[in-house]
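Structure data follow from final_32.csv (CSV, N, CA and C atoms):
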chain,number,residue,atom,x,y,z
A,1,VAL,N,14.4,40.5,-23.1
A,1,VAL,CA,13.0,40.5,-23.4
A,1,VAL,C,12.3,39.3,-22.6
A,2,GLN,N,11.2,39.7,-22.0
A,2,GLN,CA,10.5,38.6,-21.3
A,2,GLN,C,9.1,38.5,-21.9
A,3,LEU,N,8.6,37.2,-22.0
A,3,LEU,CA,7.3,36.9,-22.6
A,3,LEU,C,6.5,36.2,-21.6
A,4,GLN,N,5.3,36.7,-21.4
A,4,GLN,CA,4.3,36.0,-20.5
A,4,GLN,C,3.1,35.6,-21.2
A,5,ALA,N,2.9,34.3,-21.4
A,5,ALA,CA,1.8,33.7,-22.1
A,5,ALA,C,0.7,33.4,-21.1
A,6,SER,N,-0.5,33.6,-21.5
A,6,SER,CA,-1.7,33.3,-20.6
A,6,SER,C,-2.9,33.0,-21.5
A,7,GLY,N,-3.9,32.5,-20.9
A,7,GLY,CA,-5.2,32.3,-21.6
A,7,GLY,C,-5.5,30.8,-21.8
A,8,GLY,N,-4.6,29.9,-21.5
A,8,GLY,CA,-5.0,28.5,-21.8
A,8,GLY,C,-6.0,28.0,-20.8
A,9,GLY,N,-6.5,26.8,-21.1
A,9,GLY,CA,-7.6,26.2,-20.2
A,9,GLY,C,-8.2,25.0,-20.9
A,10,LEU,N,-9.3,24.6,-20.3
A,10,LEU,CA,-10.0,23.4,-20.8
A,10,LEU,C,-11.2,23.9,-21.5
A,11,VAL,N,-11.4,23.3,-22.7
A,11,VAL,CA,-12.6,23.7,-23.5
A,11,VAL,C,-13.1,22.5,-24.3
A,12,GLN,N,-14.3,22.5,-24.6
A,12,GLN,CA,-14.9,21.4,-25.3
A,12,GLN,C,-14.6,21.6,-26.8
A,13,ALA,N,-14.6,20.5,-27.5
A,13,ALA,CA,-14.4,20.6,-29.0
A,13,ALA,C,-15.4,21.5,-29.6
A,14,GLY,N,-15.0,22.3,-30.5
A,14,GLY,CA,-15.8,23.3,-31.1
A,14,GLY,C,-15.8,24.7,-30.4
A,15,GLY,N,-15.2,24.7,-29.2
A,15,GLY,CA,-15.2,25.9,-28.5
A,15,GLY,C,-14.0,26.8,-28.9
A,16,SER,N,-13.9,27.9,-28.1
A,16,SER,CA,-12.9,28.9,-28.4
A,16,SER,C,-12.0,29.3,-27.2
A,17,LEU,N,-10.9,29.7,-27.5
A,17,LEU,CA,-10.0,30.3,-26.4
A,17,LEU,C,-9.2,31.4,-27.1
A,18,ARG,N,-8.8,32.4,-26.3
A,18,ARG,CA,-7.8,33.4,-26.8
A,18,ARG,C,-6.6,33.4,-25.9
A,19,LEU,N,-5.5,33.2,-26.5
A,19,LEU,CA,-4.2,33.3,-25.8
A,19,LEU,C,-3.6,34.7,-25.9
A,20,SER,N,-2.9,35.1,-24.9
A,20,SER,CA,-2.2,36.4,-24.9
A,20,SER,C,-0.7,36.2,-24.6
A,21,CYS,N,0.1,37.0,-25.2
A,21,CYS,CA,1.5,37.0,-24.9
A,21,CYS,C,2.0,38.4,-24.7
A,22,ALA,N,2.3,38.7,-23.5
A,22,ALA,CA,2.7,40.1,-23.2
A,22,ALA,C,4.2,40.1,-23.2
A,23,ALA,N,4.8,41.1,-23.9
A,23,ALA,CA,6.2,41.2,-24.0
A,23,ALA,C,6.8,42.4,-23.4
A,24,SER,N,8.0,42.3,-22.9
A,24,SER,CA,8.7,43.5,-22.5
A,24,SER,C,9.5,44.0,-23.6
A,25,GLY,N,10.2,45.2,-23.5
A,25,GLY,CA,11.0,45.7,-24.5
A,25,GLY,C,10.4,46.9,-25.2
A,26,ARG,N,11.2,47.8,-25.6
A,26,ARG,CA,10.7,49.0,-26.2
A,26,ARG,C,10.5,49.0,-27.7
A,27,THR,N,11.0,47.9,-28.3
A,27,THR,CA,10.8,47.8,-29.8
A,27,THR,C,9.9,46.7,-30.2
A,28,PHE,N,8.9,46.4,-29.4
A,28,PHE,CA,8.0,45.3,-29.7
A,28,PHE,C,7.5,45.4,-31.1
A,29,ILE,N,7.2,46.6,-31.6
A,29,ILE,CA,6.6,46.7,-33.0
A,29,ILE,C,7.5,46.0,-34.0
A,30,ASN,N,8.8,45.9,-33.7
A,30,ASN,CA,9.7,45.3,-34.7
A,30,ASN,C,9.9,43.8,-34.5
A,31,TYR,N,9.3,43.3,-33.5
A,31,TYR,CA,9.4,41.8,-33.2
A,31,TYR,C,8.5,41.0,-34.2
A,32,ARG,N,9.0,39.9,-34.7
A,32,ARG,CA,8.1,38.9,-35.3
A,32,ARG,C,7.7,38.0,-34.1
A,33,MET,N,6.4,37.9,-33.9
A,33,MET,CA,5.9,37.1,-32.8
A,33,MET,C,5.3,35.8,-33.4
A,34,GLY,N,5.6,34.7,-32.7
A,34,GLY,CA,5.1,33.4,-33.1
A,34,GLY,C,4.5,32.6,-32.0
A,35,TRP,N,3.6,31.7,-32.4
A,35,TRP,CA,3.0,30.7,-31.4
A,35,TRP,C,3.5,29.4,-31.9
A,36,PHE,N,3.9,28.6,-31.0
A,36,PHE,CA,4.3,27.2,-31.2
A,36,PHE,C,3.5,26.3,-30.2
A,37,ARG,N,3.4,25.0,-30.5
A,37,ARG,CA,2.8,24.2,-29.5
A,37,ARG,C,3.5,22.8,-29.5
A,38,GLN,N,3.3,22.2,-28.3
A,38,GLN,CA,3.9,20.9,-28.1
A,38,GLN,C,2.9,20.0,-27.5
A,39,ALA,N,2.4,19.0,-28.2
A,39,ALA,CA,1.5,18.0,-27.7
A,39,ALA,C,2.3,16.9,-26.9
A,40,PRO,N,1.6,16.2,-26.0
A,40,PRO,CA,2.3,15.1,-25.3
A,40,PRO,C,2.9,14.1,-26.2
A,41,GLY,N,4.2,13.8,-26.0
A,41,GLY,CA,4.9,12.8,-26.8
A,41,GLY,C,5.3,13.3,-28.1
A,42,LYS,N,5.1,14.5,-28.5
A,42,LYS,CA,5.4,15.0,-29.8
A,42,LYS,C,6.4,16.2,-29.7
A,43,GLU,N,7.0,16.5,-30.9
A,43,GLU,CA,7.9,17.6,-30.9
A,43,GLU,C,7.1,18.9,-31.0
A,44,ARG,N,7.8,20.0,-30.6
A,44,ARG,CA,7.2,21.3,-30.7
A,44,ARG,C,7.0,21.6,-32.2
A,45,GLU,N,5.9,22.3,-32.5
A,45,GLU,CA,5.6,22.6,-33.9
A,45,GLU,C,5.2,24.1,-34.0
A,46,PHE,N,5.5,24.7,-35.2
A,46,PHE,CA,5.1,26.0,-35.5
A,46,PHE,C,3.5,26.0,-35.7
A,47,VAL,N,2.9,27.1,-35.2
A,47,VAL,CA,1.5,27.3,-35.4
A,47,VAL,C,1.2,28.5,-36.2
A,48,VAL,N,1.7,29.7,-35.8
A,48,VAL,CA,1.4,30.9,-36.5
A,48,VAL,C,2.4,32.0,-36.2
A,49,SER,N,2.6,32.9,-37.0
A,49,SER,CA,3.4,34.1,-36.7
A,49,SER,C,2.9,35.3,-37.3
A,50,ILE,N,3.4,36.5,-36.8
A,50,ILE,CA,3.0,37.8,-37.3
A,50,ILE,C,4.2,38.7,-37.2
A,51,SER,N,4.4,39.4,-38.3
A,51,SER,CA,5.4,40.4,-38.3
A,51,SER,C,4.7,41.7,-38.4
A,52,ARG,N,5.5,42.8,-38.8
A,52,ARG,CA,4.8,44.1,-39.0
A,52,ARG,C,3.8,44.1,-40.1
A,53,SER,N,4.0,43.2,-41.1
A,53,SER,CA,3.2,43.3,-42.3
A,53,SER,C,2.6,42.0,-42.8
A,54,SER,N,2.9,40.9,-42.1
A,54,SER,CA,2.4,39.7,-42.7
A,54,SER,C,2.2,38.6,-41.6
A,55,THR,N,1.4,37.6,-41.9
A,55,THR,CA,1.1,36.5,-41.0
A,55,THR,C,1.4,35.2,-41.8
A,56,SER,N,1.6,34.2,-41.0
A,56,SER,CA,1.8,32.9,-41.5
A,56,SER,C,1.2,31.9,-40.6
A,57,TYR,N,0.5,30.9,-41.3
A,57,TYR,CA,-0.3,29.9,-40.5
A,57,TYR,C,0.1,28.5,-40.9
A,58,ARG,N,0.0,27.6,-39.9
A,58,ARG,CA,0.1,26.2,-40.1
A,58,ARG,C,-1.1,25.8,-40.9
A,59,ASP,N,-1.0,24.9,-41.8
A,59,ASP,CA,-2.2,24.6,-42.6
A,59,ASP,C,-3.4,24.1,-41.8
A,60,SER,N,-3.1,23.3,-40.8
A,60,SER,CA,-4.2,22.7,-40.0
A,60,SER,C,-5.0,23.7,-39.1
A,61,VAL,N,-4.5,24.9,-39.0
A,61,VAL,CA,-5.2,25.9,-38.2
A,61,VAL,C,-5.8,27.0,-39.1
A,62,LYS,N,-5.5,27.0,-40.3
A,62,LYS,CA,-6.0,28.1,-41.2
A,62,LYS,C,-7.5,28.1,-41.2
A,63,GLY,N,-8.1,29.3,-41.1
A,63,GLY,CA,-9.5,29.4,-41.0
A,63,GLY,C,-10.1,29.2,-39.6
A,64,ARG,N,-9.3,28.7,-38.7
A,64,ARG,CA,-9.8,28.5,-37.3
A,64,ARG,C,-9.0,29.4,-36.3
A,65,PHE,N,-7.8,29.7,-36.5
A,65,PHE,CA,-6.9,30.5,-35.6
A,65,PHE,C,-6.6,31.8,-36.3
A,66,THR,N,-6.5,32.8,-35.5
A,66,THR,CA,-6.2,34.2,-35.9
A,66,THR,C,-5.2,34.8,-35.0
A,67,ILE,N,-4.1,35.2,-35.5
A,67,ILE,CA,-3.1,35.9,-34.7
A,67,ILE,C,-3.2,37.4,-35.0
A,68,SER,N,-3.0,38.2,-33.9
A,68,SER,CA,-3.1,39.6,-34.0
A,68,SER,C,-2.1,40.2,-33.0
A,69,ARG,N,-1.9,41.5,-33.0
A,69,ARG,CA,-1.0,42.1,-32.1
A,69,ARG,C,-1.5,43.5,-31.8
A,70,ASP,N,-1.3,44.0,-30.6
A,70,ASP,CA,-1.6,45.3,-30.2
A,70,ASP,C,-0.2,45.9,-29.8
A,71,ASN,N,0.4,46.7,-30.6
A,71,ASN,CA,1.7,47.2,-30.4
A,71,ASN,C,1.7,48.2,-29.2
A,72,SER,N,0.5,48.9,-29.0
A,72,SER,CA,0.4,49.8,-27.9
A,72,SER,C,0.5,49.1,-26.5
A,73,LYS,N,0.2,47.8,-26.5
A,73,LYS,CA,0.2,47.0,-25.3
A,73,LYS,C,1.3,46.0,-25.3
A,74,ASN,N,2.1,46.0,-26.3
A,74,ASN,CA,3.2,45.0,-26.4
A,74,ASN,C,2.7,43.6,-26.2
A,75,THR,N,1.6,43.3,-26.9
A,75,THR,CA,0.9,42.0,-26.7
A,75,THR,C,0.5,41.4,-28.0
A,76,ALA,N,0.7,40.1,-28.1
A,76,ALA,CA,0.3,39.4,-29.3
A,76,ALA,C,-0.9,38.4,-28.8
A,77,TYR,N,-1.8,38.2,-29.7
A,77,TYR,CA,-2.9,37.4,-29.3
A,77,TYR,C,-3.1,36.2,-30.3
A,78,LEU,N,-3.6,35.1,-29.8
A,78,LEU,CA,-4.0,34.0,-30.7
A,78,LEU,C,-5.4,33.6,-30.4
A,79,GLN,N,-6.3,34.0,-31.3
A,79,GLN,CA,-7.7,33.6,-31.2
A,79,GLN,C,-7.9,32.2,-31.8
A,80,MET,N,-8.4,31.3,-31.0
A,80,MET,CA,-8.5,29.9,-31.5
A,80,MET,C,-10.0,29.6,-31.5
A,81,ASN,N,-10.6,29.3,-32.6
A,81,ASN,CA,-12.0,28.9,-32.7
A,81,ASN,C,-12.1,27.5,-33.3
A,82,SER,N,-13.3,26.9,-33.1
A,82,SER,CA,-13.5,25.6,-33.7
A,82,SER,C,-12.4,24.6,-33.2
A,83,LEU,N,-12.1,24.7,-32.0
A,83,LEU,CA,-11.0,23.9,-31.4
A,83,LEU,C,-11.3,22.4,-31.6
A,84,LYS,N,-10.3,21.6,-31.8
A,84,LYS,CA,-10.4,20.2,-32.0
A,84,LYS,C,-9.5,19.5,-30.9
A,85,PRO,N,-9.8,18.3,-30.5
A,85,PRO,CA,-9.0,17.6,-29.6
A,85,PRO,C,-7.5,17.5,-30.0
A,86,GLU,N,-7.2,17.5,-31.3
A,86,GLU,CA,-5.8,17.4,-31.7
A,86,GLU,C,-5.1,18.8,-31.5
A,87,ASP,N,-5.8,19.8,-31.1
A,87,ASP,CA,-5.2,21.1,-30.8
A,87,ASP,C,-4.6,21.1,-29.4
A,88,THR,N,-4.9,20.0,-28.6
A,88,THR,CA,-4.5,20.0,-27.2
A,88,THR,C,-2.9,20.0,-27.2
A,89,ALA,N,-2.4,20.9,-26.4
A,89,ALA,CA,-0.9,21.0,-26.4
A,89,ALA,C,-0.6,22.2,-25.4
A,90,VAL,N,0.7,22.2,-25.1
A,90,VAL,CA,1.2,23.4,-24.4
A,90,VAL,C,1.6,24.4,-25.5
A,91,TYR,N,1.0,25.6,-25.4
A,91,TYR,CA,1.3,26.6,-26.4
A,91,TYR,C,2.3,27.6,-25.9
A,92,TYR,N,3.3,27.9,-26.7
A,92,TYR,CA,4.4,28.8,-26.4
A,92,TYR,C,4.4,30.0,-27.3
A,93,CYS,N,4.6,31.2,-26.7
A,93,CYS,CA,4.8,32.3,-27.6
A,93,CYS,C,6.3,32.6,-27.7
A,94,ALA,N,6.7,33.1,-28.8
A,94,ALA,CA,8.1,33.4,-29.0
A,94,ALA,C,8.3,34.7,-29.8
A,95,ALA,N,9.5,35.3,-29.6
A,95,ALA,CA,9.7,36.5,-30.3
A,95,ALA,C,11.1,36.4,-31.0
A,96,ALA,N,11.0,36.9,-32.3
A,96,ALA,CA,12.3,37.1,-33.0
A,96,ALA,C,12.5,38.6,-33.1
A,97,THR,N,13.6,39.0,-32.4
A,97,THR,CA,13.8,40.5,-32.2
A,97,THR,C,14.6,41.2,-33.2
A,98,CYS,N,15.0,40.5,-34.3
A,98,CYS,CA,15.6,41.2,-35.4
A,98,CYS,C,15.3,40.5,-36.7
A,99,ALA,N,15.5,41.2,-37.8
A,99,ALA,CA,15.0,40.7,-39.1
A,99,ALA,C,15.7,39.3,-39.4
A,100,SER,N,16.9,39.2,-39.0
A,100,SER,CA,17.7,38.0,-39.4
A,100,SER,C,17.7,37.0,-38.2
A,101,CYS,N,17.0,37.3,-37.2
A,101,CYS,CA,17.0,36.4,-36.0
A,101,CYS,C,16.0,35.3,-36.2
A,102,GLY,N,16.3,34.1,-35.6
A,102,GLY,CA,15.3,33.1,-35.3
A,102,GLY,C,14.6,33.6,-34.1
A,103,TYR,N,13.7,32.7,-33.6
A,103,TYR,CA,13.0,33.0,-32.3
A,103,TYR,C,14.0,32.9,-31.2
A,104,ASP,N,14.3,34.1,-30.6
A,104,ASP,CA,15.4,34.1,-29.6
A,104,ASP,C,14.9,34.3,-28.2
A,105,TYR,N,13.6,34.5,-28.1
A,105,TYR,CA,13.0,34.6,-26.7
A,105,TYR,C,11.7,33.8,-26.7
A,106,TRP,N,11.5,33.1,-25.6
A,106,TRP,CA,10.4,32.2,-25.5
A,106,TRP,C,9.6,32.5,-24.1
A,107,GLY,N,8.3,32.3,-24.2
A,107,GLY,CA,7.5,32.4,-23.0
A,107,GLY,C,7.5,31.0,-22.3
A,108,GLN,N,6.8,31.0,-21.2
A,108,GLN,CA,6.8,29.8,-20.4
A,108,GLN,C,5.8,28.7,-20.8
A,109,GLY,N,4.9,29.0,-21.7
A,109,GLY,CA,3.9,28.1,-22.2
A,109,GLY,C,2.6,28.1,-21.4
A,110,THR,N,1.5,27.8,-22.1
A,110,THR,CA,0.2,27.8,-21.4
A,110,THR,C,-0.5,26.6,-22.0
A,111,LEU,N,-1.2,25.8,-21.2
A,111,LEU,CA,-1.8,24.5,-21.6
A,111,LEU,C,-3.2,24.7,-22.1
A,112,VAL,N,-3.4,24.2,-23.3
A,112,VAL,CA,-4.7,24.2,-23.9
A,112,VAL,C,-5.2,22.7,-24.0
A,113,THR,N,-6.3,22.4,-23.4
A,113,THR,CA,-6.8,21.1,-23.4
A,113,THR,C,-8.2,21.1,-24.1
A,114,VAL,N,-8.4,20.4,-25.1
A,114,VAL,CA,-9.7,20.3,-25.8
A,114,VAL,C,-10.3,18.9,-25.7
A,115,SER,N,-11.4,18.9,-25.0
A,115,SER,CA,-12.1,17.6,-24.8
A,115,SER,C,-13.0,17.3,-25.9
A,116,SER,N,-13.2,16.0,-26.1
A,116,SER,CA,-14.1,15.6,-27.2
A,116,SER,C,-15.5,15.3,-26.7
For the file at hand, write its structure as structure tokens.
Amino acid sequence: VQLQASGGGLVQAGGSLRLSCAASGRTFINYRMGWFRQAPGKEREFVVSISRSSTSYRDSVKGRFTISRDNSKNTAYLQMNSLKPEDTAVYYCAAATCASCGYDYWGQGTLVTVSS
């Protein structure tokens, strides 16, 4: 499985960005897709995930970020609104390819910079 993340960039506080994560593989619909981020000098942290039937969000992004997926395009999306400087990080998409798997495949990361 290969994951290709895109959509990062520089945005002012209060702005929006949409990240995309394109995945290879014929069973994308069964993958749990997640977004993680790593800010400078900090550890990588969970942001949001989506399975076939549910989503999970980090408290600090609830109401601002929305994860979605288009199984026909093997792509997961992260819509980020009302961005804050503290959202600045490299964002990674990841895939868990079986029900009992952790995130076993990772994309290369895309940088999101939010200026104040």
Closest contacts (segment 51-114 of chain A/segment 19-43 of chain A, max 7 Å, only C-alpha atoms) as a tab-separated table:
residue	atom	partner	partner_atom	distance
A:Ser51	CA	A:Arg32	CA	4.3
A:Arg52	CA	A:Asn30	CA	6.6
A:Asn71	CA	A:Ile29	CA	5.6
A:Asn74	CA	A:Ala23	CA	5.4
A:Thr75	CA	A:Ala22	CA	4.4
A:Ala76	CA	A:Cys21	CA	5.2
A:Tyr77	CA	A:Ser20	CA	4.6
A:Leu78	CA	A:Leu19	CA	5.0
A:Gln79	CA	A:Leu19	CA	6.4
A:Thr88	CA	A:Ala39	CA	6.3
A:Ala89	CA	A:Ala39	CA	4.1
A:Val90	CA	A:Gln38	CA	5.2
A:Tyr91	CA	A:Arg37	CA	4.2
A:Tyr92	CA	A:Phe36	CA	5.1
A:Cys93	CA	A:Trp35	CA	4.5
A:Ala94	CA	A:Gly34	CA	5.1
A:Ala95	CA	A:Met33	CA	4.6
A:Ala96	CA	A:Arg32	CA	5.1
A:Thr97	CA	A:Tyr31	CA	4.7
A:Cys98	CA	A:Tyr31	CA	6.6
Contacts of segment 13-15 of chain A at 6.5 Å (all atoms listed in the file; same-chain gap of 6+ positions) as a PyMOL selection string: chain A and resi 80-85+114-116
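Of note, atom C of Val47 of chain A and atom CA of Asp70 of chain A are spaced 18.1 Å apart.
Residue nearest Val112 of chain A within the list A:Asp87, A:Ser60, A:Thr66, A:Lys73: A:Asp87 [criterion: smallest interatomic distance, only C-alpha atoms].
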Could the centre and edge lengths of an axis-aligned box, enclosing all atoms of segment 8-13 of chain A in the file with 4 Å extra on each side, be given in Å to one decimal as lines of an AutoDock Vina configuration file?
center_x = -10.0
center_y = 25.2
center_z = -24.9
size_x = 18.8
size_y = 17.4
size_z = 17.4
Point (-1.5, 33.8, -18.5) neighbourhood (10 Å, only C-alpha atoms) written as a ChimeraX atom specification: /A:4-9,19-22,108-111
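Considering the residues A:Arg69, A:Val11, A:Ser100, A:Leu3 and counting only C-alpha atoms, Ser53 of chain A has its shortest atom-to-atom contact with A:Arg69.
Atom N of Arg64 of chain A lies 28.6 Å from atom N of Gln2 of chain A.
With atom N of Cys101 of chain A on one side and atom N of Ser72 of chain A on the other, the separation reads 21.8 Å.
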Those of chain A in DSSP helix (DSSP H, G or I), formatted as a PyMOL selection string: chain A and resi 28-30+59-61+85-87
DSSP-assigned strand (DSSP E or B) among segment 7-62 of chain A, expressed as a ChimeraX atom specification: /A:9-12,17-23,32-38,45-50,55-57
